[in-house]
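A.B. asks: My structure is in my_file29.txt, and what it holds is compact mmCIF, C-alpha atoms:
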```txt
# COMPACT_ATOMS: atom_id res chain seq x y z
CA MET M 1463 -33.57 -74.33 -128.22
CA GLU M 1464 -34.59 -71.03 -129.83
CA LEU M 1465 -37.21 -70.27 -127.19
CA ASP M 1466 -39.11 -67.00 -127.18
CA GLN M 1467 -37.50 -64.34 -125.00
CA ARG M 1468 -40.67 -64.03 -122.90
CA ILE M 1469 -40.42 -67.70 -121.96
CA LEU M 1470 -36.70 -67.39 -121.29
CA ASN M 1471 -37.42 -64.48 -118.95
CA SER M 1472 -39.95 -66.61 -117.07
CA LEU M 1473 -37.51 -69.52 -116.80
CA ASN M 1474 -34.86 -67.17 -115.48
CA SER M 1475 -37.27 -65.91 -112.82
CA MET M 1476 -38.02 -69.54 -111.90
CA LYS M 1477 -34.27 -70.27 -111.58
CA PHE M 1478 -34.52 -72.75 -114.47
CA LEU M 1479 -31.08 -71.94 -115.80
CA GLN M 1480 -30.07 -75.30 -117.30
CA PRO M 1481 -32.41 -77.94 -118.77
CA THR M 1482 -32.59 -81.27 -116.98
CA GLU M 1483 -31.86 -84.40 -118.98
CA VAL M 1484 -35.52 -85.09 -119.73
CA GLN M 1485 -36.05 -81.47 -120.78
CA GLU M 1486 -32.98 -81.44 -123.01
CA VAL M 1487 -34.19 -84.52 -124.89
CA THR M 1488 -37.93 -83.83 -124.95
CA ILE M 1489 -38.28 -80.09 -125.68
CA PRO M 1490 -36.83 -80.20 -129.24
CA LEU M 1491 -39.07 -83.17 -130.13
CA VAL M 1492 -42.21 -81.42 -128.87
CA LEU M 1493 -41.25 -78.26 -130.71
CA GLY M 1494 -40.80 -80.42 -133.80
CA GLY M 1495 -44.38 -81.67 -133.56
CA TRP M 1496 -43.70 -85.28 -132.58
CA ASP M 1497 -45.95 -87.36 -130.36
CA VAL M 1498 -43.76 -88.37 -127.43
CA THR M 1499 -43.89 -90.91 -124.60
CA VAL M 1500 -41.49 -90.24 -121.75
CA ARG M 1501 -40.59 -92.63 -118.96
CA ALA M 1502 -38.61 -90.83 -116.30
CA LYS M 1503 -38.38 -90.86 -112.53
CA THR M 1504 -40.18 -88.29 -110.45
CA GLY M 1505 -38.24 -85.15 -109.67
CA THR M 1506 -36.53 -85.03 -113.07
CA GLY M 1507 -38.35 -81.97 -114.46
CA LYS M 1508 -41.06 -83.64 -116.55
CA THR M 1509 -43.57 -80.79 -116.16
CA GLY M 1510 -41.14 -78.30 -117.65
CA ALA M 1511 -40.36 -80.79 -120.41
CA PHE M 1512 -43.87 -80.45 -121.82
CA MET M 1513 -45.03 -77.02 -120.63
CA ILE M 1514 -42.02 -75.09 -121.97
CA PRO M 1515 -42.35 -76.21 -125.62
CA ILE M 1516 -46.17 -76.24 -125.60
CA THR M 1517 -46.27 -72.65 -124.38
CA GLN M 1518 -43.87 -71.72 -127.16
CA LYS M 1519 -46.09 -73.39 -129.79
CA ILE M 1520 -49.30 -71.54 -128.78
CA LEU M 1521 -47.86 -68.05 -128.33
CA ASN M 1522 -49.51 -66.73 -131.50
CA LYS M 1523 -52.76 -68.68 -131.24
CA ASP M 1524 -56.06 -67.78 -129.59
CA GLY M 1525 -58.59 -70.05 -127.92
CA LEU M 1526 -58.18 -73.21 -125.86
CA ARG M 1527 -55.26 -75.11 -127.37
CA VAL M 1528 -53.82 -77.25 -124.56
CA LEU M 1529 -55.37 -79.90 -122.31
CA VAL M 1530 -53.34 -81.53 -119.54
CA LEU M 1531 -54.86 -84.49 -117.68
CA ALA M 1532 -53.59 -85.27 -114.17
CA PRO M 1533 -54.83 -88.00 -111.80
CA THR M 1534 -55.33 -85.98 -108.60
CA ARG M 1535 -56.30 -82.50 -107.47
CA GLU M 1536 -52.89 -81.84 -105.97
CA LEU M 1537 -51.08 -82.84 -109.15
CA ALA M 1538 -53.40 -80.72 -111.30
CA LYS M 1539 -52.73 -77.69 -109.12
CA GLN M 1540 -49.01 -78.34 -109.17
CA VAL M 1541 -48.87 -78.55 -112.97
CA SER M 1542 -50.97 -75.39 -113.25
CA GLU M 1543 -48.60 -73.48 -111.00
CA VAL M 1544 -45.64 -74.41 -113.22
CA ALA M 1545 -47.62 -73.64 -116.38
CA SER M 1546 -48.66 -70.24 -115.05
CA SER M 1547 -45.09 -69.39 -114.12
CA ILE M 1548 -43.79 -70.34 -117.57
CA ALA M 1549 -46.53 -68.29 -119.24
CA ALA M 1550 -46.20 -65.36 -116.81
CA ASN M 1551 -44.79 -62.97 -119.43
CA THR M 1552 -47.29 -63.96 -122.12
CA ARG M 1553 -51.03 -63.42 -122.37
CA LYS M 1554 -51.77 -67.12 -122.07
CA LYS M 1555 -54.16 -67.98 -119.22
CA VAL M 1556 -54.15 -71.28 -117.35
CA VAL M 1557 -57.28 -72.69 -115.69
CA THR M 1558 -57.34 -75.64 -113.28
CA VAL M 1559 -60.43 -77.83 -112.89
CA TYR M 1560 -60.91 -80.68 -110.43
CA GLY M 1561 -63.49 -82.22 -108.13
CA GLY M 1562 -63.95 -81.14 -104.54
CA ALA M 1563 -64.12 -77.47 -105.51
CA SER M 1564 -66.91 -75.22 -106.81
CA ILE M 1565 -67.73 -76.16 -110.40
CA ASN M 1566 -69.43 -72.78 -110.90
CA THR M 1567 -66.19 -70.97 -110.09
CA GLN M 1568 -64.36 -73.18 -112.58
CA ILE M 1569 -67.03 -72.55 -115.24
CA ASP M 1570 -66.60 -68.80 -114.75
CA ALA M 1571 -62.85 -69.21 -115.25
CA LEU M 1572 -63.39 -71.24 -118.44
CA ARG M 1573 -65.65 -68.54 -119.84
CA ARG M 1574 -62.72 -66.12 -119.66
CA LYS M 1575 -61.17 -68.08 -122.55
CA PRO M 1576 -57.97 -69.68 -121.26
CA SER M 1577 -55.34 -71.13 -123.55
CA ILE M 1578 -54.45 -74.03 -121.25
CA VAL M 1579 -56.71 -76.22 -119.10
CA VAL M 1580 -55.25 -78.60 -116.53
CA GLY M 1581 -57.67 -80.97 -114.83
CA THR M 1582 -58.64 -84.34 -113.45
CA PRO M 1583 -60.54 -86.68 -115.81
CA GLY M 1584 -63.77 -86.77 -113.81
CA ARG M 1585 -64.21 -83.01 -113.66
CA ILE M 1586 -63.18 -82.63 -117.32
CA LEU M 1587 -65.95 -85.03 -118.37
CA ASP M 1588 -68.44 -83.27 -116.11
CA LEU M 1589 -67.68 -79.93 -117.75
CA ILE M 1590 -67.92 -81.45 -121.23
CA SER M 1591 -71.33 -82.94 -120.40
CA ARG M 1592 -72.51 -79.49 -119.25
CA HIS M 1593 -71.27 -77.99 -122.57
CA GLU M 1594 -68.93 -75.71 -120.62
CA LEU M 1595 -65.70 -77.16 -122.04
CA ASP M 1596 -65.16 -77.27 -125.80
CA LEU M 1597 -62.13 -79.30 -126.88
CA SER M 1598 -62.64 -78.89 -130.64
CA MET M 1599 -59.62 -76.56 -131.03
CA ILE M 1600 -57.22 -78.56 -128.84
CA GLU M 1601 -53.82 -79.03 -130.49
CA HIS M 1602 -51.84 -80.52 -127.59
CA VAL M 1603 -52.95 -83.16 -125.08
CA VAL M 1604 -50.71 -84.22 -122.20
CA LEU M 1605 -51.33 -87.34 -120.12
CA ASP M 1606 -49.31 -86.62 -116.99
CA GLU M 1607 -48.45 -89.36 -114.48
CA ALA M 1608 -50.20 -91.78 -116.82
CA ASP M 1609 -49.44 -94.86 -114.73
CA ILE M 1610 -51.31 -93.37 -111.76
CA MET M 1611 -54.33 -92.71 -113.95
CA LEU M 1612 -54.21 -96.33 -115.07
CA ASP M 1613 -53.98 -97.53 -111.46
CA MET M 1614 -56.93 -95.37 -110.47
CA GLY M 1615 -59.19 -96.70 -113.22
CA PHE M 1616 -59.24 -93.60 -115.40
CA VAL M 1617 -58.49 -95.31 -118.72
CA ASP M 1618 -62.10 -95.24 -119.95
CA ASP M 1619 -62.40 -91.59 -118.92
CA ILE M 1620 -59.24 -90.76 -120.87
CA LYS M 1621 -60.59 -92.52 -123.96
CA ASP M 1622 -63.85 -90.56 -123.69
CA ILE M 1623 -62.02 -87.25 -123.31
CA LEU M 1624 -59.71 -87.92 -126.27
CA SER M 1625 -62.76 -88.62 -128.44
CA PHE M 1626 -63.74 -84.94 -128.07
CA THR M 1627 -60.36 -83.69 -129.35
CA PRO M 1628 -59.18 -83.41 -132.98
CA GLN M 1629 -57.44 -86.48 -134.37
CA ASN M 1630 -54.51 -84.41 -135.64
CA ARG M 1631 -53.61 -83.25 -132.12
CA GLN M 1632 -50.13 -83.70 -130.64
CA THR M 1633 -50.28 -86.20 -127.78
CA LEU M 1634 -47.64 -86.39 -125.05
CA LEU M 1635 -47.54 -89.10 -122.40
CA PHE M 1636 -45.39 -88.81 -119.28
CA SER M 1637 -45.02 -91.53 -116.67
CA ALA M 1638 -42.64 -92.84 -114.04
CA THR M 1639 -43.31 -96.41 -115.19
CA MET M 1640 -44.67 -97.90 -118.41
CA PRO M 1641 -46.96 -100.84 -117.58
CA SER M 1642 -48.63 -102.70 -120.44
CA GLY M 1643 -51.88 -100.76 -120.05
CA ILE M 1644 -50.09 -97.48 -120.70
CA VAL M 1645 -48.30 -98.96 -123.71
CA GLN M 1646 -51.68 -99.98 -125.16
CA VAL M 1647 -53.06 -96.46 -124.69
CA ALA M 1648 -50.00 -95.05 -126.46
CA LYS M 1649 -50.38 -97.44 -129.40
CA ARG M 1650 -54.06 -96.63 -129.84
CA TYR M 1651 -54.13 -92.87 -129.33
CA MET M 1652 -50.70 -91.67 -130.43
CA LYS M 1653 -49.12 -91.52 -133.87
CA LYS M 1654 -47.31 -94.64 -135.03
CA ASP M 1655 -44.07 -92.74 -135.53
CA ARG M 1656 -44.07 -91.36 -131.98
CA LYS M 1657 -40.79 -90.94 -130.15
CA ASN M 1658 -40.22 -93.04 -127.03
CA ILE M 1659 -37.85 -91.62 -124.44
CA ILE M 1660 -36.44 -93.43 -121.42
CA ILE M 1661 -34.41 -91.40 -118.97
CA GLY M 1662 -32.20 -93.57 -116.76
CA ASN M 1663 -31.56 -97.31 -116.90
CA GLU M 1664 -34.47 -99.76 -117.10
CA GLU M 1665 -33.36 -101.36 -113.84
CA GLU M 1666 -32.87 -98.04 -112.10
CA ARG M 1667 -35.98 -97.51 -110.01
CA THR M 1668 -34.92 -95.13 -107.23
CA VAL M 1669 -32.70 -92.08 -107.16
CA GLU M 1670 -29.04 -92.87 -106.47
CA THR M 1671 -28.69 -90.04 -103.96
CA ILE M 1672 -31.18 -91.59 -101.49
CA THR M 1673 -29.66 -93.42 -98.51
CA ASN M 1674 -32.05 -96.16 -97.39
CA TYR M 1675 -32.32 -97.29 -93.75
CA TYR M 1676 -34.58 -99.56 -91.74
CA ALA M 1677 -35.21 -100.73 -88.19
CA ILE M 1678 -37.06 -103.69 -86.75
CA SER M 1679 -39.55 -102.82 -84.03
CA GLU M 1680 -42.42 -104.28 -82.07
CA ARG M 1681 -45.64 -102.66 -83.13
CA ARG M 1682 -46.17 -100.97 -79.77
CA ASN M 1683 -42.72 -99.32 -80.01
CA LYS M 1684 -42.97 -97.98 -83.56
CA PHE M 1685 -43.68 -94.39 -82.56
CA GLY M 1686 -40.77 -94.51 -80.13
CA MET M 1687 -38.57 -95.72 -83.02
CA LEU M 1688 -39.77 -92.79 -85.12
CA LEU M 1689 -38.80 -90.42 -82.30
CA ALA M 1690 -35.37 -92.08 -82.06
CA TYR M 1691 -34.77 -91.47 -85.78
CA ILE M 1692 -35.81 -87.82 -85.46
CA LYS M 1693 -33.53 -87.35 -82.43
CA HIS M 1694 -30.58 -89.00 -84.19
CA PHE M 1695 -30.80 -87.36 -87.65
CA LYS M 1696 -32.66 -84.11 -86.86
CA PRO M 1697 -34.29 -84.05 -90.32
CA GLU M 1698 -35.12 -80.68 -91.83
CA LYS M 1699 -38.31 -81.52 -93.76
CA THR M 1700 -39.90 -84.96 -93.51
CA ILE M 1701 -42.89 -86.84 -94.89
CA ILE M 1702 -44.13 -89.62 -92.59
CA PHE M 1703 -46.20 -92.25 -94.41
CA THR M 1704 -48.82 -94.54 -92.90
CA ASN M 1705 -50.90 -97.20 -94.64
CA THR M 1706 -54.25 -96.04 -93.27
CA LYS M 1707 -56.01 -92.82 -92.40
CA GLU M 1708 -56.60 -94.03 -88.86
CA TYR M 1709 -52.87 -94.41 -88.26
CA ALA M 1710 -52.16 -91.08 -89.95
CA ASN M 1711 -54.47 -89.50 -87.38
CA ARG M 1712 -52.76 -91.39 -84.54
CA VAL M 1713 -49.25 -90.39 -85.61
CA PHE M 1714 -50.32 -86.78 -86.19
CA SER M 1715 -51.86 -86.52 -82.72
CA ALA M 1716 -48.80 -88.13 -81.14
CA MET M 1717 -46.50 -85.70 -82.98
CA LYS M 1718 -48.52 -82.81 -81.58
CA ARG M 1719 -48.19 -84.21 -78.05
CA GLU M 1720 -44.41 -84.31 -78.56
CA LYS M 1721 -44.47 -80.61 -79.58
CA LEU M 1722 -43.32 -81.48 -83.12
CA ASP M 1723 -44.73 -79.15 -85.78
CA ALA M 1724 -46.71 -81.43 -88.08
CA VAL M 1725 -49.58 -81.21 -90.55
CA LEU M 1726 -51.93 -83.95 -91.75
CA LEU M 1727 -52.90 -85.05 -95.26
CA HIS M 1728 -55.34 -87.80 -96.25
CA GLY M 1729 -58.60 -88.32 -98.09
CA ASP M 1730 -61.02 -87.66 -95.23
CA ILE M 1731 -60.04 -84.03 -94.78
CA THR M 1732 -61.56 -81.34 -96.96
CA GLN M 1733 -59.95 -79.96 -100.10
CA ALA M 1734 -59.32 -76.66 -98.30
CA GLN M 1735 -57.59 -78.52 -95.46
CA ARG M 1736 -55.49 -80.51 -97.93
CA GLU M 1737 -54.34 -77.35 -99.68
CA ALA M 1738 -53.62 -75.64 -96.37
CA ALA M 1739 -51.60 -78.65 -95.15
CA LEU M 1740 -49.43 -78.69 -98.28
CA ARG M 1741 -48.95 -74.94 -98.12
CA GLU M 1742 -47.94 -75.13 -94.46
CA PHE M 1743 -45.54 -77.99 -95.11
CA LYS M 1744 -43.87 -76.25 -98.02
CA ASN M 1745 -43.46 -72.94 -96.21
CA ARG M 1746 -43.22 -73.57 -92.48
CA THR M 1747 -43.68 -76.94 -90.80
CA SER M 1748 -41.09 -79.72 -90.64
CA TYR M 1749 -43.34 -82.80 -90.74
CA LEU M 1750 -46.15 -83.96 -93.02
CA VAL M 1751 -48.04 -87.06 -91.85
CA ALA M 1752 -49.80 -88.60 -94.84
CA THR M 1753 -51.26 -91.65 -96.48
CA ASN M 1754 -50.30 -92.57 -100.04
CA VAL M 1755 -52.05 -89.46 -101.35
CA ALA M 1756 -48.62 -87.81 -100.99
CA SER M 1757 -46.62 -90.66 -102.52
CA ARG M 1758 -46.97 -89.88 -106.21
CA GLY M 1759 -46.15 -86.86 -108.30
CA LEU M 1760 -46.27 -84.10 -105.69
CA ASP M 1761 -43.27 -81.82 -106.05
CA ILE M 1762 -42.45 -80.56 -102.56
CA PRO M 1763 -38.99 -78.97 -102.67
CA LYS M 1764 -36.27 -79.74 -100.16
CA VAL M 1765 -37.82 -82.83 -98.53
CA SER M 1766 -34.80 -84.26 -96.73
CA ASP M 1767 -36.29 -87.44 -95.26
CA ILE M 1768 -39.02 -90.01 -95.86
CA ILE M 1769 -40.16 -92.09 -92.90
CA ASN M 1770 -42.32 -95.14 -93.56
CA PHE M 1771 -44.02 -95.47 -90.19
CA ASP M 1772 -45.95 -98.32 -91.78
CA ALA M 1773 -43.93 -100.48 -94.13
CA PRO M 1774 -45.44 -100.38 -97.65
CA GLU M 1775 -47.08 -103.61 -98.70
CA GLU M 1776 -45.52 -103.51 -102.18
CA ALA M 1777 -42.11 -102.53 -103.49
CA ASN M 1778 -43.65 -100.11 -106.01
CA VAL M 1779 -45.27 -98.18 -103.17
CA TYR M 1780 -41.86 -97.91 -101.49
CA ILE M 1781 -40.35 -96.54 -104.71
CA HIS M 1782 -43.06 -93.93 -105.09
CA ARG M 1783 -42.87 -92.84 -101.45
CA VAL M 1784 -39.12 -92.38 -101.31
CA GLY M 1785 -39.28 -90.55 -104.64
CA ARG M 1786 -40.53 -87.51 -102.68
CA THR M 1787 -36.97 -86.87 -101.49
CA ALA M 1788 -33.66 -86.35 -103.32
CA ARG M 1789 -35.39 -84.36 -106.04
CA MET M 1790 -33.56 -82.41 -108.74
CA GLY M 1791 -30.16 -83.77 -107.76
CA ARG M 1792 -30.41 -83.29 -103.99
CA ASP M 1793 -29.49 -85.93 -101.42
CA GLY M 1794 -32.12 -87.61 -99.26
CA ARG M 1795 -32.75 -90.30 -96.66
CA ALA M 1796 -35.47 -92.95 -96.38
CA PHE M 1797 -36.23 -94.83 -93.17
CA THR M 1798 -38.70 -97.70 -92.82
CA ILE M 1799 -39.96 -99.28 -89.61
CA PHE M 1800 -40.62 -103.00 -90.08
CA THR M 1801 -42.19 -105.35 -87.57
CA ASP M 1802 -40.82 -108.89 -87.22
CA ALA M 1803 -43.71 -110.15 -89.35
CA GLU M 1804 -42.80 -107.69 -92.13
CA GLU M 1805 -39.08 -108.39 -92.30
CA TYR M 1806 -39.58 -110.60 -95.36
CA LEU M 1807 -40.45 -107.43 -97.33
CA ILE M 1808 -36.89 -106.08 -97.10
CA PRO M 1809 -35.26 -108.34 -99.74
CA GLU M 1810 -38.32 -107.92 -101.98
CA ILE M 1811 -37.99 -104.13 -101.89
CA GLU M 1812 -34.23 -104.29 -102.37
CA ASP M 1813 -34.61 -106.52 -105.41
CA LYS M 1814 -37.44 -104.57 -107.05
CA ALA M 1815 -35.95 -101.13 -106.35
CA ASN M 1816 -32.38 -102.24 -107.08
CA ILE M 1817 -31.15 -100.80 -103.76
CA ARG M 1818 -29.66 -101.90 -100.47
CA ILE M 1819 -31.29 -100.93 -97.19
CA SER M 1820 -29.01 -100.63 -94.15
CA GLN M 1821 -30.19 -101.47 -90.65
CA LEU M 1822 -29.95 -98.78 -87.98
CA GLY M 1823 -29.24 -99.75 -84.40
CA LEU M 1824 -31.70 -97.29 -82.88
CA VAL M 1825 -33.25 -97.67 -79.44
CA ALA M 1826 -36.87 -96.55 -79.27
CA GLU M 1827 -37.49 -93.34 -77.33
CA GLU M 1828 -40.18 -93.21 -74.67
CA PRO M 1829 -43.02 -90.93 -75.87
CA SER M 1830 -44.55 -88.49 -73.40
CA GLU M 1831 -47.83 -90.42 -73.57
CA PRO M 1832 -48.63 -93.94 -74.86
CA PHE M 1833 -49.10 -94.02 -78.63
CA TYR M 1834 -52.05 -96.39 -78.50
CA ARG M 1835 -54.83 -94.29 -77.03
CA LYS M 1836 -58.54 -94.98 -77.30
CA SER M 1837 -59.38 -91.82 -79.22
CA THR M 1838 -58.13 -91.10 -82.73
CA ARG M 1839 -59.72 -87.65 -82.86
CA THR M 1840 -57.32 -85.07 -84.29
CA ASP M 1841 -57.03 -81.32 -84.09
CA ASN M 1842 -57.86 -80.74 -87.73
CA GLY M 1843 -59.22 -84.03 -89.05
CA PRO M 1844 -62.44 -86.03 -88.74
CA ARG M 1845 -62.91 -89.15 -86.65
CA ASN M 1846 -61.64 -91.98 -88.81
CA PHE M 1847 -62.25 -95.26 -87.07
CA HIS M 1848 -65.45 -96.33 -88.80
CA ARG M 1849 -67.49 -98.94 -86.98
CA GLY M 1850 -67.68 -102.10 -89.05
CA LYS M 1851 -65.05 -101.05 -91.59
CA GLY M 1852 -61.55 -102.34 -92.08
CA ASN M 1853 -58.41 -100.29 -92.50
CA ASN M 1854 -58.40 -100.81 -96.25
CA GLY M 1855 -61.72 -99.03 -96.76
CA SER M 1856 -63.69 -102.29 -96.94
CA ASN M 1857 -67.12 -102.83 -95.53
CA SER M 1858 -67.79 -105.47 -92.89
CA HIS M 1859 -68.03 -108.14 -95.60
CA GLY M 1860 -64.59 -107.31 -96.96
CA ASN M 1861 -65.81 -105.75 -100.22
CA PRO M 1862 -63.97 -102.63 -101.38
CA ARG M 1863 -66.05 -99.48 -101.26
CA ARG M 1864 -66.75 -98.09 -104.69
CA ARG M 1865 -65.54 -94.61 -105.45
CA LYS M 1866 -66.98 -92.28 -108.07
CA THR M 1867 -65.51 -89.65 -110.31
CA GLY M 1868 -67.29 -87.68 -112.98
CA GLY M 1869 -70.30 -90.00 -112.86
CA ARG M 1870 -68.17 -93.10 -113.44
CA SER M 1871 -67.75 -95.61 -110.63
CA TYR M 1872 -64.78 -97.91 -110.35
CA GLU M 1873 -63.18 -100.26 -107.90
CA GLY M 1874 -60.53 -99.12 -105.48
CA TYR M 1875 -56.81 -98.68 -106.09
CA GLY M 1876 -55.78 -102.13 -104.87
CA LYS M 1877 -56.09 -102.57 -101.13
CA SER M 1878 -55.16 -99.04 -100.33
CA TYR M 1879 -56.99 -96.88 -102.89
CA ASN M 1880 -59.23 -95.23 -100.33
CA ASP M 1881 -56.14 -94.26 -98.35
CA TYR M 1882 -54.36 -93.20 -101.54
CA MET M 1883 -56.90 -90.39 -101.92
```
The structure given in the file should be rewritten as structure tokens.
C.D. replies:
Amino acid sequence: MELDQRILNSLNSMKFLQPTEVQEVTIPLVLGGWDVTVRAKTGTGKTGAFMIPITQKILNKDGLRVLVLAPTRELAKQVSEVASSIAANTRKKVVTVYGGASINTQIDALRRKPSIVVGTPGRILDLISRHELDLSMIEHVVLDEADIMLDMGFVDDIKDILSFTPQNRQTLLFSATMPSGIVQVAKRYMKKDRKNIIIGNEEERTVETITNYYAISERRNKFGMLLAYIKHFKPEKTIIFTNTKEYANRVFSAMKREKLDAVLLHGDITQAQREAALREFKNRTSYLVATNVASRGLDIPKVSDIINFDAPEEANVYIHRVGRTARMGRDGRAFTIFTDAEEYLIPEIEDKANIRISQLGLVAEEPSEPFYRKSTRTDNGPRNFHRGKGNNGSNSHGNPRRRKTGGRSYEGYGKSYNDYM
């Protein structure tokens, strides 16, 4: 690929010795100046596919040349870490900007003249409005995890941000799926002769190396079924998904009572707590209890198992959750606990994900204390059972709470947006 030796040295340090399929196809096109849309599953090396060639193209250029948009704080930080590693042997600085952190600290970092900015749309617009972020010299724009940004209502923000960049920029769009809204964005804001890349078959929605299991359980025995799975398989590193923050708190507290080393991740804990939880899970603990905030895009190496304590309401959510395991060619397991009333979801998931889910004949373990306790207070999280509010973040009249980002308000991410964050 004729990459600069400084970049090759960085890749060697990162143990990136052979390009993945998406990198092998995409890097030459980006180096050639093409606009590119890439549809590829998570865990296939998409971040390297755009950061490696972009870093090469700006080696001899000063000023801010690259803007990467990511839907969430965690994803922005993750992309920045990869970008910084790739640019480690160059003089190119990477700055990350996102909500929930000090904007003054981020402004100070921008004033040190980075070459690459990675950020969430709301914070990017905020910085532009304060005249602290000048995009007039941008040559490369990346829309990462574009389908999530569409789901979260960021399309108008993206359009506003692109209006501040030069029209002759190179635009790269990466996504696990390509819904019609993303296709429309590509047609409007990318060159007509763009290259469209699809890695994997159209019908292939989950990684082939994931073994999918399920069990049927009464609601009151679900935690006992989770314990039975852990006892049987002894998973090394596991993400346990719930549909609500209240149940994430309940499962986390119950895991602690069983002396299982777990950390908690959902939208009601602070940004510092979220970062600490991810750091702990990557480096030390075996279990991460999370809502859908952990279901998309996060690259946590060596996750061996996914446990859906709460069955996902949609097949797409199942696909995104289990995509956290079996990354970069590794094997993985996924286990879902269905109640009798949810059993109808199994054929729907199998059909949409093009998989087969095998039933496990597990017998629920008896937890040391009953799972359903009156208090949902946790060791490191706030009280989450809000009086007069439903589990989906609705008010007592059933209307979704409105969320805000960068001064723009928008409706929730389906039923579960508030839990997604």
A.B. asks: Mind pulling up the distance from CA of Ile1799 in chain M to CA of Val1825 in chain M?
C.D. replies: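 Between CA of Val1825 in chain M and CA of Ile1799 in chain M the gap is 12.3 Å.
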A.B. asks: Using all atoms listed in the file, which of M:Met1599, M:Leu1493, M:Ile1769, M:Ile1514 sits nearest Thr1700 in chain M?
C.D. replies: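 Ranked by minimum distance to Thr1700 in chain M, first place goes to M:Ile1769.
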A.B. asks: Could you check how far CA of Leu1589 in chain M sits from CA of Ser1625 in chain M, in Å to one decimal?
C.D. replies: 14.6 Å
A.B. asks: Please check which residues have atoms at most 10 Å from (-45.2, -101.1, -82.8) in the file's coordinates, counting all atoms listed in the file, and write them as a PyMOL selection string.
C.D. replies: chain M and resi 1678-1687+1771-1772+1799-1802+1833-1834
A.B. asks: Which residues are near Ile1692 in chain M? Cut-off 12 Å, all atoms listed in the file, ignore same chain within fewer than 3 positions. Put them as an MDAnalysis selection string.
C.D. replies: chainID M and resid 1685:1689 1695:1702 1717 1720 1722 1748:1749 1766:1769 1795 1797 1824:1827
A.B. asks: Just the residues within 6 Å of Leu1726 in chain M, please, counting all atoms listed in the file, with nothing from its chain fewer than 4 positions along; format it as number ranges by chain.
C.D. replies: M: 1750-1752
A.B. asks: For a quick check of understanding, using only C-alpha atoms, which of M:Arg1585, M:Arg1573, M:Lys1555, M:Arg1650 has the smallest distance to Ile1623 in chain M?
C.D. replies: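 That would be M:Arg1585, the residue with the smallest distance to Ile1623 in chain M.
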A.B. asks: Applying 8 Å and all atoms listed in the file, which residues near Val1580 in chain M remain after dropping the ones on its own chain fewer than 5 positions away? List them as an MDAnalysis selection string.
C.D. replies: chainID M and resid 1529:1532 1538:1539 1541:1542 1556:1559
A.B. asks: Can you work out the spacing between CA of Leu1624 in chain M and CA of Gly1581 in chain M in Å, to one decimal?
C.D. replies: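 Answer for the CA of Leu1624 in chain M to CA of Gly1581 in chain M separation: 13.5 Å.
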A.B. asks: Restricting the calculation to all atoms listed in the file, which member of M:Leu1470, M:Val1725, M:Ala1638, M:Val1765 is positioned closest to Ala1788 in chain M?
C.D. replies: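 Checking each candidate against Ala1788 in chain M, we get M:Val1765 as the closest.
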A.B. asks: Measuring between all atoms listed in the file, which one of M:Val1498, M:Ile1590, M:Ile1731, M:Ile1644 shows the shortest distance to Ile1610 in chain M?
C.D. replies: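 Between M:Val1498, M:Ile1590, M:Ile1731, M:Ile1644, the residue approaching Ile1610 in chain M most closely is M:Ile1644.
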A.B. asks: Choose the residue, out of M:Asp1761, M:Asp1497, M:Asp1466, M:Glu1828, that has the smallest atom-to-atom separation from Thr1552 in chain M; count only C-alpha atoms.
C.D. replies: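 Among the listed residues, M:Asp1466 lies closest to Thr1552 in chain M.
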A.B. asks: Would you kindly return, as a list in words, each protein, DNA or RNA residue with an atom no farther than 8 Å from any atom of Met1513 in chain M, considering all atoms listed in the file and excluding same-chain residues fewer than 6 positions away?
C.D. replies: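 Here the qualifying residues turn out to be Val1544, Ala1545 and Ile1548 of chain M.
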A.B. asks: Counting all atoms listed in the file, figure out which residue out of M:Lys1744, M:Lys1654, M:Arg1712, M:Lys1519 gets nearest to Val1492 in chain M.
C.D. replies: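 Looking at the shortest contact to Val1492 in chain M, the residue is M:Lys1519.
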A.B. asks: Show me, as a ChimeraX atom specification, the residues that have an atom within 10 Å of Ile1672 in chain M when counting all atoms listed in the file, minus same-chain residues fewer than 3 positions from it.
C.D. replies: /M:1668-1669,1675,1766-1768,1784-1785,1787-1789,1792-1796,1817
A.B. asks: Could you save those same residues with C-alpha atoms as a CSV table (one decimal), in the frame of the given file?
C.D. replies:
```
chain,number,residue,atom,x,y,z
M,1668,THR,CA,-34.9,-95.1,-107.2
M,1669,VAL,CA,-32.7,-92.1,-107.2
M,1675,TYR,CA,-32.3,-97.3,-93.8
M,1766,SER,CA,-34.8,-84.3,-96.7
M,1767,ASP,CA,-36.3,-87.4,-95.3
M,1768,ILE,CA,-39.0,-90.0,-95.9
M,1784,VAL,CA,-39.1,-92.4,-101.3
M,1785,GLY,CA,-39.3,-90.6,-104.6
M,1787,THR,CA,-37.0,-86.9,-101.5
M,1788,ALA,CA,-33.7,-86.4,-103.3
M,1789,ARG,CA,-35.4,-84.4,-106.0
M,1792,ARG,CA,-30.4,-83.3,-104.0
M,1793,ASP,CA,-29.5,-85.9,-101.4
M,1794,GLY,CA,-32.1,-87.6,-99.3
M,1795,ARG,CA,-32.8,-90.3,-96.7
M,1796,ALA,CA,-35.5,-93.0,-96.4
M,1817,ILE,CA,-31.2,-100.8,-103.8
```
A.B. asks: Could you please give me, as number ranges by chain, the residues of protein, DNA or RNA lying at most 10 Å from (-58.3, -76.3, -127.3) in the coordinate frame of the file, considering all atoms listed in the file?
C.D. replies: M: 1524-1529, 1575-1579, 1595-1603, 1627-1628, 1631
